[in-house]
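S.K.: This one is structure-v5.csv, CSV, C-alpha atoms and all ligand atoms.
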chain,number,residue,atom,x,y,z
A,20,MET,CA,0.0,0.0,0.0
A,21,GLN,CA,1.3,3.5,-0.9
A,22,THR,CA,1.2,5.9,2.0
A,23,SER,CA,1.1,9.7,1.6
A,24,SER,CA,4.8,9.9,2.8
A,25,GLU,CA,6.0,7.5,0.0
A,26,PRO,CA,6.9,9.1,-3.3
A,27,GLU,CA,4.7,8.1,-6.3
A,28,ARG,CA,6.3,5.3,-8.3
A,29,ALA,CA,6.2,5.3,-12.1
A,30,PRO,CA,5.2,2.1,-13.9
A,31,GLU,CA,8.2,0.2,-15.2
A,32,GLY,CA,9.9,2.2,-18.0
A,33,GLN,CA,8.0,5.4,-17.4
A,34,SER,CA,8.9,8.5,-15.5
A,35,VAL,CA,6.6,10.6,-13.3
A,36,ALA,CA,6.7,14.3,-13.7
A,37,GLN,CA,7.9,15.8,-10.5
A,38,PRO,CA,6.8,19.3,-9.5
A,39,GLU,CA,9.5,21.9,-9.8
A,40,PRO,CA,10.8,22.9,-6.3
A,41,SER,CA,9.7,26.3,-5.3
A,42,PRO,CA,12.9,28.0,-4.1
A,43,GLU,CA,11.3,31.4,-3.6
A,44,ARG,CA,9.2,29.9,-0.8
A,45,SER,CA,12.0,28.1,1.0
A,46,THR,CA,12.7,29.2,4.5
A,47,HIS,CA,15.8,27.2,5.0
A,48,GLY,CA,19.0,29.1,5.3
A,49,VAL,CA,22.0,28.6,3.0
A,50,GLY,CA,25.6,28.0,3.8
A,51,PRO,CA,28.7,29.9,2.6
A,52,TRP,CA,28.7,30.5,-1.2
A,53,PRO,CA,30.0,27.2,-2.7
A,54,GLY,CA,33.6,27.3,-4.0
A,55,GLY,CA,34.8,30.1,-1.7
A,56,PRO,CA,35.7,33.7,-2.5
A,57,ASP,CA,37.1,32.8,-6.0
A,58,GLU,CA,33.6,31.9,-7.0
A,59,TRP,CA,31.7,34.8,-5.5
A,60,PRO,CA,29.4,36.7,-7.9
A,61,ASP,CA,30.7,40.1,-9.1
A,62,ASP,CA,27.5,42.0,-8.2
A,63,PRO,CA,27.4,44.9,-5.6
A,64,ARG,CA,24.0,43.6,-4.3
A,65,PHE,CA,25.8,40.7,-2.7
A,66,ASP,CA,27.1,41.0,0.8
A,67,PRO,CA,30.6,39.6,1.3
A,68,GLU,CA,29.9,38.7,4.9
A,69,LEU,CA,26.9,36.7,3.9
A,70,LEU,CA,28.7,35.0,1.1
A,71,ALA,CA,31.4,34.0,3.5
A,72,ALA,CA,29.3,32.9,6.4
A,73,GLY,CA,26.0,31.8,4.8
A,74,ASP,CA,22.5,33.5,5.0
A,75,THR,CA,19.9,32.3,7.4
A,76,ARG,CA,17.7,35.4,7.3
A,77,ASN,CA,14.0,35.0,6.7
A,78,VAL,CA,14.1,36.2,3.1
A,79,ILE,CA,12.9,34.6,-0.1
A,80,ASP,CA,15.6,32.8,-2.1
A,81,ARG,CA,15.8,35.7,-4.7
A,82,TYR,CA,17.4,37.8,-1.9
A,83,ARG,CA,19.8,35.2,-0.5
A,84,TYR,CA,23.2,36.8,0.2
A,85,TRP,CA,21.9,40.3,-0.8
A,86,ARG,CA,22.7,43.4,1.3
A,87,MET,CA,19.6,44.7,3.2
A,88,ASP,CA,19.7,48.1,1.3
A,89,ALA,CA,19.8,46.2,-2.0
A,90,ILE,CA,16.7,44.2,-1.0
A,91,VAL,CA,14.8,47.4,0.1
A,92,ALA,CA,15.8,49.1,-3.2
A,93,ASP,CA,14.5,46.1,-5.2
A,94,LEU,CA,11.3,46.0,-3.2
A,95,ASP,CA,10.9,49.8,-3.8
A,96,GLU,CA,10.8,49.0,-7.6
A,97,ARG,CA,7.7,46.9,-7.2
A,98,ARG,CA,5.7,47.9,-4.1
A,99,HIS,CA,2.0,48.0,-4.5
A,100,PRO,CA,0.1,51.3,-4.3
A,101,PHE,CA,-1.8,50.3,-1.2
A,102,HIS,CA,-0.8,51.6,2.3
A,103,VAL,CA,-1.7,50.2,5.7
A,104,ALA,CA,-2.5,52.3,8.8
A,105,ILE,CA,-3.2,51.3,12.4
A,106,GLU,CA,-4.2,53.3,15.5
A,107,ASN,CA,-1.8,52.9,18.4
A,108,TRP,CA,-3.2,54.5,21.5
A,109,GLN,CA,-2.5,51.5,23.9
A,110,HIS,CA,0.6,49.9,22.5
A,111,ASP,CA,-1.4,47.5,20.3
A,112,MET,CA,0.4,44.1,20.2
A,113,ASN,CA,-0.9,43.4,16.6
A,114,ILE,CA,1.3,46.0,14.9
A,115,GLY,CA,4.3,43.7,14.5
A,116,SER,CA,2.3,41.1,12.7
A,117,ILE,CA,0.6,43.7,10.6
A,118,VAL,CA,4.0,45.0,9.5
A,119,ARG,CA,5.0,41.5,8.6
A,120,SER,CA,1.9,41.0,6.5
A,121,ALA,CA,2.4,44.4,4.9
A,122,ASN,CA,5.9,43.3,3.9
A,123,ALA,CA,4.6,40.0,2.5
A,124,PHE,CA,2.0,41.7,0.3
A,125,ALA,CA,4.5,44.5,-0.7
A,126,ALA,CA,2.5,47.3,0.8
A,127,ASP,CA,3.9,50.8,0.1
A,128,THR,CA,4.1,52.0,3.7
A,129,VAL,CA,2.7,51.2,7.1
A,130,HIS,CA,1.4,54.3,9.0
A,131,ILE,CA,1.3,54.1,12.8
A,132,ILE,CA,-1.1,56.7,14.3
A,133,GLY,CA,-0.7,57.7,18.0
A,134,ARG,CA,2.1,56.3,20.1
A,135,ARG,CA,5.4,56.1,18.4
A,136,ARG,CA,6.6,53.0,20.3
A,137,TRP,CA,5.3,49.6,19.2
A,138,ASN,CA,6.2,46.0,19.9
A,139,LYS,CA,8.5,44.8,17.1
A,140,ARG,CA,8.6,41.2,18.1
A,141,GLY,CA,5.7,40.1,15.8
A,142,ALA,CA,7.4,41.8,12.9
A,143,MET,CA,10.1,39.2,12.8
A,144,VAL,CA,12.6,41.8,11.5
A,145,THR,CA,10.4,42.6,8.5
A,146,ASP,CA,10.2,46.2,9.6
A,147,ARG,CA,13.8,46.6,8.3
A,148,TYR,CA,12.5,46.0,4.8
A,149,GLN,CA,9.2,47.9,5.1
A,150,HIS,CA,8.7,51.7,5.1
A,151,VAL,CA,7.0,52.6,8.4
A,152,ASP,CA,5.8,56.2,9.1
A,153,HIS,CA,4.3,57.8,12.2
A,154,HIS,CA,1.5,60.3,12.7
A,155,ASP,CA,0.8,61.9,16.0
A,156,ASP,CA,-3.0,61.8,15.6
A,157,ILE,CA,-5.8,61.2,13.2
A,158,ALA,CA,-5.8,64.8,12.0
A,159,SER,CA,-2.2,64.6,10.8
A,160,PHE,CA,-2.7,61.2,9.2
A,161,VAL,CA,-5.7,62.6,7.3
A,162,ASP,CA,-3.7,65.6,6.2
A,163,TRP,CA,-1.1,63.2,4.8
A,164,ALA,CA,-3.7,61.1,3.0
A,165,ARG,CA,-5.5,64.1,1.5
A,166,GLU,CA,-2.3,65.7,0.3
A,167,ALA,CA,-1.0,62.4,-1.2
A,168,GLY,CA,-4.4,61.8,-2.8
A,169,VAL,CA,-4.8,58.4,-1.1
A,170,PRO,CA,-8.4,57.4,-0.2
A,171,ILE,CA,-8.9,56.1,3.4
A,172,ILE,CA,-10.6,52.8,3.6
A,173,ALA,CA,-11.5,52.0,7.2
A,174,VAL,CA,-11.7,48.3,8.0
A,175,ASP,CA,-14.0,47.5,11.0
A,176,ASN,CA,-17.3,45.8,11.7
A,177,VAL,CA,-19.3,48.9,12.6
A,178,PRO,CA,-22.8,49.9,11.6
A,179,GLY,CA,-22.9,51.2,8.0
A,180,ALA,CA,-19.8,49.2,6.9
A,181,VAL,CA,-20.1,47.5,3.5
A,182,PRO,CA,-19.0,43.9,2.8
A,183,ILE,CA,-15.3,43.6,1.9
A,184,GLU,CA,-16.1,40.6,-0.1
A,185,THR,CA,-17.9,42.7,-2.8
A,186,PHE,CA,-16.1,46.0,-2.3
A,187,ALA,CA,-14.5,47.6,-5.4
A,188,TRP,CA,-11.1,48.4,-4.0
A,189,PRO,CA,-9.5,51.6,-5.4
A,190,GLU,CA,-6.0,50.7,-6.6
A,191,THR,CA,-4.4,53.4,-4.5
A,192,CYS,CA,-5.7,53.6,-1.0
A,193,VAL,CA,-4.8,53.2,2.7
A,194,LEU,CA,-6.4,50.4,4.7
A,195,LEU,CA,-7.0,51.7,8.2
A,196,PHE,CA,-7.4,49.4,11.2
A,197,GLY,CA,-8.4,49.9,14.8
A,198,GLN,CA,-7.0,48.4,18.1
A,199,GLU,CA,-8.0,45.4,20.0
A,200,GLY,CA,-10.8,46.3,22.4
A,201,PRO,CA,-12.0,49.8,21.3
A,202,GLY,CA,-11.6,49.2,17.5
A,203,LEU,CA,-11.4,52.3,15.3
A,204,SER,CA,-11.8,55.7,17.0
A,205,PRO,CA,-14.9,57.7,15.9
A,206,GLU,CA,-12.5,60.3,14.4
A,207,ALA,CA,-10.9,57.6,12.2
A,208,THR,CA,-14.2,56.2,11.0
A,209,ALA,CA,-15.5,59.8,10.3
A,210,ALA,CA,-12.4,60.5,8.1
A,211,ALA,CA,-12.8,57.4,6.0
A,212,ASP,CA,-13.9,57.5,2.4
A,213,ALA,CA,-15.4,54.0,2.8
A,214,VAL,CA,-15.8,51.6,5.7
A,215,VAL,CA,-15.6,47.8,5.0
A,216,GLU,CA,-16.2,44.8,7.1
A,217,ILE,CA,-15.2,41.1,6.9
A,218,ALA,CA,-18.2,38.7,7.1
A,219,GLN,CA,-18.2,36.6,10.2
A,220,PHE,CA,-20.3,33.6,10.9
A,221,GLY,CA,-19.6,32.5,14.5
A,222,SER,CA,-20.3,33.9,18.0
A,223,THR,CA,-17.4,36.2,18.6
A,224,ARG,CA,-17.9,40.0,18.0
A,225,SER,CA,-14.7,40.4,16.0
A,226,ILE,CA,-11.5,38.8,14.8
A,227,ASN,CA,-8.0,39.7,15.8
A,228,ALA,CA,-6.9,43.0,14.3
A,229,SER,CA,-3.8,41.5,12.6
A,230,ALA,CA,-5.9,38.6,11.2
A,231,ALA,CA,-8.4,41.2,9.8
A,232,ALA,CA,-5.4,43.2,8.3
A,233,ALA,CA,-4.1,40.1,6.5
A,234,ILE,CA,-7.5,39.3,5.1
A,235,ALA,CA,-8.1,42.9,4.0
A,236,MET,CA,-4.7,43.2,2.3
A,237,HIS,CA,-5.3,39.9,0.5
A,238,SER,CA,-8.7,41.2,-0.6
A,239,TRP,CA,-6.8,44.2,-2.2
A,240,VAL,CA,-4.3,41.7,-3.7
A,241,LEU,CA,-7.1,39.7,-5.4
A,242,ALA,CA,-8.4,42.9,-6.9
A,243,HIS,CA,-5.2,44.5,-8.2
A,244,ALA,CA,-2.0,42.5,-7.9
A,245,ASP,CA,-0.3,40.6,-10.7
A,246,LEU,CA,-0.9,37.1,-9.4
A,247,PRO,CA,1.6,34.3,-10.2
A,248,GLY,CA,0.7,31.8,-12.8
A,301,LIG,C1,-10.8,43.2,17.9
A,301,LIG,S1,-11.5,44.5,16.8
A,301,LIG,C2,-12.5,45.5,17.9
A,301,LIG,C3,-13.6,46.3,17.5
A,301,LIG,C4,-14.9,45.7,17.0
A,301,LIG,N1,-15.5,46.7,16.1
A,301,LIG,C5,-15.9,45.2,18.0
A,301,LIG,O1,-17.1,45.5,17.7
A,301,LIG,O2,-15.6,44.6,18.9
A,301,LIG,C6,-10.0,45.4,16.4
A,301,LIG,C7,-9.9,45.7,15.0
A,301,LIG,O3,-9.8,44.5,14.2
A,301,LIG,C8,-10.4,44.8,12.9
A,301,LIG,N2,-11.5,43.8,12.7
A,301,LIG,C9,-11.8,42.8,13.6
A,301,LIG,N3,-12.9,42.1,13.1
A,301,LIG,C10,-13.2,42.7,11.9
A,301,LIG,C11,-14.2,42.4,10.9
A,301,LIG,N4,-15.1,41.4,11.1
A,301,LIG,N5,-14.3,43.2,9.9
A,301,LIG,C12,-13.4,44.2,9.7
A,301,LIG,N6,-12.5,44.6,10.6
A,301,LIG,C13,-12.4,43.8,11.7
A,301,LIG,C14,-10.8,46.2,12.9
A,301,LIG,O4,-9.8,47.1,12.3
A,301,LIG,C15,-11.0,46.5,14.4
A,301,LIG,O5,-10.9,47.9,14.6
Let's see the structure in the file written out as C-alpha cells.
Ligand SMILES: C[S@@+](CC[C@H](N)C(=O)[O-])C[C@H]1O[C@@H](n2cnc3c(N)ncnc32)[C@H](O)[C@@H]1O
M.R.:
Amino acid sequence: MQTSSEPERAPEGQSVAQPEPSPERSTHGVGPWPGGPDEWPDDPRFDPELLAAGDTRNVIDRYRYWRMDAIVADLDERRHPFHVAIENWQHDMNIGSIVRSANAFAADTVHIIGRRRWNKRGAMVTDRYQHVDHHDDIASFVDWAREAGVPIIAVDNVPGAVPIETFAWPETCVLLFGQEGPGLSPEATAAADAVVEIAQFGSTRSINASAAAAIAMHSWVLAHADLPG
C-alpha cells in the first residue's frame, strides 16, 4: 500500500513528472557560497559577509546573500500602491504582525497613528524592509492622505460598513485598522472615504486585528496585484 509519505512510483519504464521545487518559498538558510571567494558573484548587491558565512535570514531565495539596502531598493521598484495604517493608543500588540503581512504583500508604507513606540517582536525583522511612518494623531494622518491623494478605507465591523467581499477596491488607498478592544476611533471612522467589514459567521464579535489586516490586504491583492501563474 502506498502511504502519503512515500513518493509516487512510475510504472516500469516510465517517469513521473515531478513538480518543480519552489525555491522562492523556501525558509531554509543557505551556507557559505560554494567554492569560496574565487567563485563569489561580481555584483554589488551581494554582501561579502553573507557570502562567506551563509545566509539564514528569513528572506525569499531571490534575496539570499543580498545586502539589506539592496533588498529594500529592489522592493521599492515593485511595491503595491496600497498603504496600511493602524491606530496605536494603547501599544497595540498586533502592529508587528501587521507590518510582517504588509511586507509579505508588498504594501507601500505602514502608518502608525498615535504612540510612536510599538512592539516589534511580531514583525520578525520585516520592519527593516518595510517603510514605516508615524503620525501623532488622526488629523495629521488625514492631512497626509488628502495631500497624497490616497483614499482612506477603514476596516471595521461597525454599523454602515459595506462587505469587503464585494467591495470595489481603489487601486491606490490606505487600509485603516483599529485596536484590540476599542476598535477604530470615531475620528478615524468619520475621516474614512469608505468603511468595509469582513463577514463573520460565529459567536465572537470580531476577529483579531492582525488577522483582519491580513484578510483585507489579501482582498486588495485579489483585486489589483499581478498574481503568479
Ligand atoms: C478586535 S476588533 C475590535 C472592535 C470591533 N468593532 C468590535 O465590535 O468589537 C479590532 C480591529 O480589528 C479589525 N476587525 C476585527 N474584526 C473585523 C471584521 N469582522 N471586519 C473588519 N475589521 C475587523 C478592525 O480594524 C478593528 O478595529
S.K.: Around ligand LIG 301 (chain A), which protein and nucleic acid residues have at least one atom no more than 7 Å from it, if we count all atoms listed in the file? List them as a PyMOL selection string.
M.R.: chain A and resi 174-177+195-203+215-219+224-229+231-232
S.K.: Rank nothing, just name the residue among A:Ala125, A:Ala158, A:Ala209, A:Ile183 nearest to A:Ala244, using all atoms listed in the file.
M.R.: A:Ala125
S.K.: What separation in Å, quoted to one decimal, exists between atom CA of A:Asp57 and atom CA of A:Gly73?
M.R.: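 If I compute the distance from atom CA of A:Asp57 to atom CA of A:Gly73, I get 15.5 Å.
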S.K.: Give me the residues near A:Arg83 as a list in words, where near means some atom within 9 Å (using only C-alpha atoms) and where sequence neighbours in that chain fewer than 3 positions away do not count.
M.R.: Gly48, Val49, Phe65, Leu69, Gly73, Asp74, Thr75, Arg76, Val78, Ile79, Asp80 and Arg86 of chain A
S.K.: Mind writing the picked residues with C-alpha atoms as a PDB file, in the frame of the given file?
M.R.:
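Saved as selection.pdb:
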ATOM      1  CA  GLY A  48      19.000  29.100   5.300  1.00  0.00           C
ATOM      2  CA  VAL A  49      22.000  28.600   3.000  1.00  0.00           C
ATOM      3  CA  PHE A  65      25.800  40.700  -2.700  1.00  0.00           C
ATOM      4  CA  LEU A  69      26.900  36.700   3.900  1.00  0.00           C
ATOM      5  CA  GLY A  73      26.000  31.800   4.800  1.00  0.00           C
ATOM      6  CA  ASP A  74      22.500  33.500   5.000  1.00  0.00           C
ATOM      7  CA  THR A  75      19.900  32.300   7.400  1.00  0.00           C
ATOM      8  CA  ARG A  76      17.700  35.400   7.300  1.00  0.00           C
ATOM      9  CA  VAL A  78      14.100  36.200   3.100  1.00  0.00           C
ATOM     10  CA  ILE A  79      12.900  34.600  -0.100  1.00  0.00           C
ATOM     11  CA  ASP A  80      15.600  32.800  -2.100  1.00  0.00           C
ATOM     12  CA  ARG A  86      22.700  43.400   1.300  1.00  0.00           C
TER      13      ARG A  86
END
S.K.: Find the distance between atom CA of A:Asp162 and atom CA of A:Glu190 and write it in Å to one decimal.
M.R.: 19.8 Å
S.K.: Which polymer residues, whether protein, DNA or RNA, lie within 10 Å of the coordinate (0.1, 53.6, 13.4) when you count all atoms listed in the file? List them as an MDAnalysis selection string, using the chain letters and numbers from the file.
M.R.: chainID A and resid 103:108 110:111 114 129:137 151:157 160 195:198
S.K.: (7.6, 43.0, 16.8) in this file's frame - what residues fall within 8 Å of it? Use only C-alpha atoms and give the answer as a compact mmCIF listing (two decimals) with C-alpha atoms, in the coordinates of the input.
M.R.:
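Listing of result04.txt after writing:
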# COMPACT_ATOMS: atom_id res chain seq x y z
CA ILE A 114 1.30 46.00 14.90
CA GLY A 115 4.30 43.70 14.50
CA SER A 116 2.30 41.10 12.70
CA TRP A 137 5.30 49.60 19.20
CA ASN A 138 6.20 46.00 19.90
CA LYS A 139 8.50 44.80 17.10
CA ARG A 140 8.60 41.20 18.10
CA GLY A 141 5.70 40.10 15.80
CA ALA A 142 7.40 41.80 12.90
CA MET A 143 10.10 39.20 12.80
CA VAL A 144 12.60 41.80 11.50
S.K.: Which residue is closest to A:Trp163? Choose from A:Met112, A:Ala71, A:His102, A:Tyr148 and count all atoms listed in the file.
M.R.: A:His102
S.K.: Would you mind reading off the distance between atom CA of A:Trp188 and atom CA of A:Pro247, one decimal, in Å?
M.R.: 20.0 Å
S.K.: Using only C-alpha atoms, which residue out of A:Ser120, A:Pro63, A:Tyr84, A:Gly179 lies closest to A:Gly50?
M.R.: A:Tyr84
S.K.: Which is closer to A:Ala187 than all the others in A:Ala230, A:Ala207, A:Val214, A:Leu94, using only C-alpha atoms?
M.R.: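 Using only C-alpha atoms, A:Ala187 sits closest to A:Val214.
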S.K.: With a distance cut-off of 9 Å and only C-alpha atoms, select the neighbouring residues of A:Asn122, excluding the residue or stretch itself and same-chain residues fewer than 5 positions from it, and output the selection as a list in words.
M.R.: Ile117, Asp127, Thr128, Thr145, Asp146, Tyr148, Gln149 and His150 of chain A
S.K.: From the options A:Ala213, A:Gly248, A:Arg147, A:Phe220, which residue's atoms come nearest to A:Asp88, counting only C-alpha atoms?
M.R.: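 Distance minimum relative to A:Asp88 lands on A:Arg147.
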S.K.: Which of these residues is nearest to A:Leu194, using all atoms listed in the file: A:Met236, A:Val161, A:Ala242, A:Ala180?
M.R.: A:Met236
